[in-house]
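Visitor: Below is the file coords_35.txt, which contains compact mmCIF, C-alpha atoms.
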```txt
# COMPACT_ATOMS: atom_id res chain seq x y z
CA MET A 1 -34.39 2.96 6.15
CA ASN A 2 -36.15 1.63 9.22
CA SER A 3 -38.67 -0.92 8.07
CA SER A 4 -40.33 -4.12 9.12
CA PRO A 5 -38.33 -7.36 9.23
CA LEU A 6 -40.43 -8.68 6.32
CA SER A 7 -39.64 -5.75 4.05
CA ARG A 8 -35.96 -5.92 5.06
CA ARG A 9 -35.90 -9.58 4.12
CA ALA A 10 -37.58 -8.82 0.80
CA TRP A 11 -35.02 -6.07 0.11
CA ASP A 12 -32.19 -8.51 0.92
CA TYR A 13 -33.62 -11.05 -1.56
CA VAL A 14 -33.95 -8.40 -4.28
CA MET A 15 -30.35 -7.28 -3.77
CA LYS A 16 -29.09 -10.88 -3.84
CA ALA A 17 -31.07 -11.59 -7.02
CA LEU A 18 -29.62 -8.52 -8.73
CA ASN A 19 -26.14 -9.54 -7.65
CA LEU A 20 -26.60 -13.08 -8.97
CA GLY A 21 -27.98 -11.73 -12.24
CA HIS A 22 -24.98 -9.44 -12.72
CA ARG A 23 -22.58 -12.31 -11.94
CA ALA A 24 -24.44 -14.55 -14.43
CA VAL A 25 -24.07 -11.94 -17.21
CA LEU A 26 -20.38 -11.59 -16.38
CA MET A 27 -19.83 -15.36 -16.50
CA ALA A 28 -22.01 -16.06 -19.55
CA SER A 29 -20.24 -13.38 -21.56
CA ARG A 30 -16.83 -14.58 -20.35
CA GLY A 31 -16.17 -11.16 -18.93
CA HIS A 32 -17.13 -9.18 -22.03
CA LEU A 33 -20.28 -7.74 -20.45
CA GLY A 34 -20.71 -6.51 -16.90
CA GLN A 35 -17.12 -5.43 -16.21
CA SER A 36 -18.46 -2.11 -15.03
CA ALA A 37 -21.66 -0.77 -13.54
CA PHE A 38 -22.68 2.85 -13.14
CA GLY A 39 -19.28 3.80 -14.57
CA MET A 40 -17.37 1.92 -11.86
CA GLN A 41 -15.21 -1.18 -12.04
CA ALA A 42 -17.07 -4.39 -11.13
CA VAL A 43 -15.16 -6.42 -8.54
CA GLU A 44 -15.90 -9.87 -7.18
CA LEU A 45 -15.15 -9.92 -3.47
CA HIS A 46 -14.44 -13.33 -1.94
CA THR A 47 -14.63 -13.47 1.85
CA VAL A 48 -14.83 -16.18 4.49
CA GLY A 49 -18.20 -16.32 6.24
CA ARG A 50 -17.76 -15.14 9.81
CA ARG A 51 -20.09 -17.85 11.15
CA SER A 52 -20.01 -20.56 8.48
CA GLY A 53 -16.31 -20.47 7.61
CA GLN A 54 -17.40 -20.98 4.00
CA ARG A 55 -16.20 -18.94 1.03
CA ARG A 56 -18.69 -16.18 0.16
CA THR A 57 -18.69 -14.19 -3.08
CA VAL A 58 -20.42 -10.95 -3.92
CA LEU A 59 -20.15 -8.68 -6.94
CA LEU A 60 -19.57 -5.04 -6.02
CA THR A 61 -18.61 -1.81 -7.71
CA ALA A 62 -15.39 -0.03 -6.85
CA PRO A 63 -15.59 3.75 -7.11
CA ILE A 64 -11.80 3.83 -6.89
CA SER A 65 -9.85 1.07 -8.61
CA LYS A 66 -6.24 1.42 -9.63
CA PRO A 67 -3.12 -0.73 -9.36
CA GLY A 68 -2.48 -1.42 -5.70
CA LEU A 69 -5.73 0.11 -4.43
CA VAL A 70 -9.38 -0.83 -4.57
CA VAL A 71 -11.95 1.10 -2.55
CA LEU A 72 -15.35 -0.41 -1.73
CA VAL A 73 -18.34 1.21 -0.04
CA ALA A 74 -20.41 -0.83 2.42
CA SER A 75 -23.57 1.15 1.68
CA LYS A 76 -26.21 -1.58 1.32
CA GLY A 77 -28.25 1.03 -0.53
CA GLY A 78 -28.53 3.23 2.56
CA ASP A 79 -29.91 0.46 4.76
CA ASP A 80 -29.45 0.82 8.53
CA ARG A 81 -27.53 -2.48 8.57
CA ASP A 82 -24.02 -3.22 7.37
CA PRO A 83 -23.89 -5.67 4.47
CA ASP A 84 -22.93 -9.26 5.32
CA TRP A 85 -19.84 -9.05 3.10
CA TYR A 86 -18.56 -6.17 5.22
CA ARG A 87 -19.10 -8.03 8.50
CA ASN A 88 -17.29 -11.02 6.98
CA LEU A 89 -14.22 -9.02 5.99
CA VAL A 90 -14.07 -7.29 9.37
CA ALA A 91 -13.91 -10.77 10.93
CA ASN A 92 -11.34 -11.98 8.37
CA PRO A 93 -9.67 -9.14 6.45
CA ASP A 94 -7.64 -11.40 4.16
CA VAL A 95 -9.87 -11.50 1.09
CA TYR A 96 -9.59 -12.26 -2.60
CA LEU A 97 -10.68 -9.90 -5.35
CA THR A 98 -11.43 -10.91 -8.91
CA ILE A 99 -10.95 -8.00 -11.30
CA ARG A 100 -11.35 -8.52 -15.03
CA GLY A 101 -11.12 -12.28 -14.55
CA HIS A 102 -7.93 -12.22 -12.47
CA GLU A 103 -8.23 -13.36 -8.83
CA ALA A 104 -5.59 -12.19 -6.35
CA PRO A 105 -5.14 -12.03 -2.56
CA TRP A 106 -5.85 -8.66 -0.92
CA HIS A 107 -6.05 -7.27 2.60
CA ALA A 108 -9.17 -5.24 3.41
CA ARG A 109 -9.56 -2.72 6.18
CA THR A 110 -12.05 -0.08 7.18
CA ALA A 111 -10.85 3.42 6.34
CA SER A 112 -10.24 5.70 9.30
CA PRO A 113 -12.57 8.71 9.58
CA GLU A 114 -9.78 10.88 8.14
CA GLU A 115 -9.20 8.49 5.23
CA LYS A 116 -12.94 8.35 4.51
CA GLN A 117 -13.16 12.13 4.53
CA ALA A 118 -10.27 12.33 2.05
CA LEU A 119 -11.73 9.61 -0.24
CA TRP A 120 -15.41 10.63 -0.06
CA PRO A 121 -15.29 13.35 -2.75
CA ALA A 122 -13.81 10.89 -5.29
CA ILE A 123 -16.29 8.20 -4.22
CA THR A 124 -19.32 10.45 -4.70
CA ALA A 125 -17.88 11.83 -7.93
CA ALA A 126 -17.75 8.24 -9.24
CA TYR A 127 -21.35 7.58 -8.15
CA LYS A 128 -23.57 10.29 -6.69
CA GLY A 129 -25.87 7.67 -5.17
CA TYR A 130 -23.43 7.08 -2.31
CA ALA A 131 -24.13 10.57 -0.94
CA SER A 132 -27.88 9.89 -0.90
CA TYR A 133 -27.29 6.51 0.74
CA GLN A 134 -25.30 8.19 3.54
CA ALA A 135 -28.05 10.79 3.98
CA ARG A 136 -30.68 8.01 4.16
CA THR A 137 -29.15 6.19 7.14
CA ALA A 138 -28.07 7.10 10.65
CA ARG A 139 -25.12 4.71 10.50
CA GLU A 140 -21.77 5.88 9.21
CA ILE A 141 -21.33 3.96 5.95
CA PRO A 142 -17.95 2.22 6.04
CA VAL A 143 -15.40 2.74 3.30
CA VAL A 144 -13.14 -0.26 2.75
CA ILE A 145 -9.56 0.07 1.53
CA CYS A 146 -8.17 -3.04 -0.18
CA GLU A 147 -4.46 -3.40 -0.78
CA PRO A 148 -2.57 -6.36 -2.29
CA ARG A 149 -1.22 -8.88 0.16
CA ALA A 150 2.51 -9.43 0.12
```
Can you turn what I pasted into structure tokens?

Guide:
Amino acid sequence: MNSSPLSRRAWDYVMKALNLGHRAVLMASRGHLGQSAFGMQAVELHTVGRRSGQRRTVLLTAPISKPGLVVLVASKGGDDRDPDWYRNLVANPDVYLTIRGHEAPWHARTASPEEKQALWPAITAAYKGYASYQARTAREIPVVICEPRA
């Protein structure tokens, strides 16, 4: 997805607007609408900005979500750049996740190549778009494993 800086910036604004819209629906409906997207669990990820030190929140989908494990995919729609939320959690892996209105502390880490290989079939079964995103970019799309903090 090599493109000009202007079109990259426009894409970033579109993605942020969609994210804000989804979060607004979730909040306005008090969690009754927007709990899932594309058949996956919607998850609010709260990170600490790697440069600002400020709390940052983004709404994501989790292709794998079960007690004690949430898996996120840092695809950015197949862009050649990692999403900001991913770079933030690499810098500070102690994050918070809000799932179905309940916020809790989690630890996030990038899956090893072996872990990604084992998880990838379930991830692409949950949403086939992830396979096309990986094919679209030269970068290896990170898979993030989130586990509850003790």

Visitor: Considering all atoms listed in the file, state which residue in the set A:Asp82, A:Glu114, A:Glu103, A:Asp94 is at the smallest distance from Glu140 in chain A.

Guide: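 Looking only at the distances to Glu140 in chain A, the closest residue turns out to be A:Asp82.
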
Visitor: Would you list the residues near (-16.4, -0.6, 1.4) (no more than 10 Å away, in the coordinates of the file, using only C-alpha atoms) as a count of residues only?

Guide: 25

Visitor: Would you mind reading off the distance between CA of Asn92 in chain A and CA of Val58 in chain A, one decimal, in Å?

Guide: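 Interatomic distance here is 15.3 Å.
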
Visitor: With all atoms listed in the file as the counted atoms, please give the residues lying no more than 12 Å from Ala131 in chain A, apart from itself and same-chain residues fewer than 2 positions off, as a list in words.

Guide: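 Surrounding residues, per the criterion: Val73, Ser75, Gly77, Gly78, Trp120, Pro121, Ala122, Ile123, Thr124, Ala125, Ala126, Tyr127, Lys128, Gly129, Tyr133, Gln134, Ala135, Arg136, Thr137, Glu140 and Ile141 of chain A.
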
Visitor: Tell me, in Å to one decimal, how far CA of Thr98 in chain A is from CA of Lys66 in chain A.

Guide: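 Result for CA of Thr98 in chain A versus CA of Lys66 in chain A: 13.4 Å, one decimal.
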
Visitor: I'd like the interatomic distance between CA of Pro67 in chain A and CA of Gln117 in chain A, to a tenth of an Å.

Guide: 21.4 Å

Visitor: Nearest residue to Leu45 in chain A out of A:Ala104, A:Leu97, A:Leu119, A:Ala138, using all atoms listed in the file?

Guide: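 Comparing A:Ala104, A:Leu97, A:Leu119, A:Ala138 against Leu45 in chain A, the winner is A:Leu97.
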
Visitor: Which residues come within 8 Å of Pro148 in chain A, counting all atoms listed in the file, excluding same-chain residues fewer than 3 positions away, as a PyMOL selection string?

Guide: chain A and resi 68-69+104-107

Visitor: Quick one: axis-aligned box around all listed atoms of range 106-109 of chain A, 4 Å on every side, centre and edge lengths in Å to one decimal, written as lines of an AutoDock Vina configuration file.

Guide:
```
center_x = -7.7
center_y = -5.7
center_z = 2.6
size_x = 11.7
size_y = 13.9
size_z = 15.1
```

Visitor: Find the residues near His46 in chain A: any atom within 7 Å, counting only C-alpha atoms, skip ones fewer than 4 places away on the same chain, and give them as a list in words.

Guide: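 With the cut-off at 7 Å, the set is Arg55, Arg56, Thr57, Val58, Val95, Tyr96 and Leu97 of chain A.
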
Visitor: Between A:Asp80, A:Val90, A:Ser132, A:Lys116, which is the closest to Thr47 in chain A once you count all atoms listed in the file?

Guide: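 Ranked by minimum distance to Thr47 in chain A, first place goes to A:Val90.
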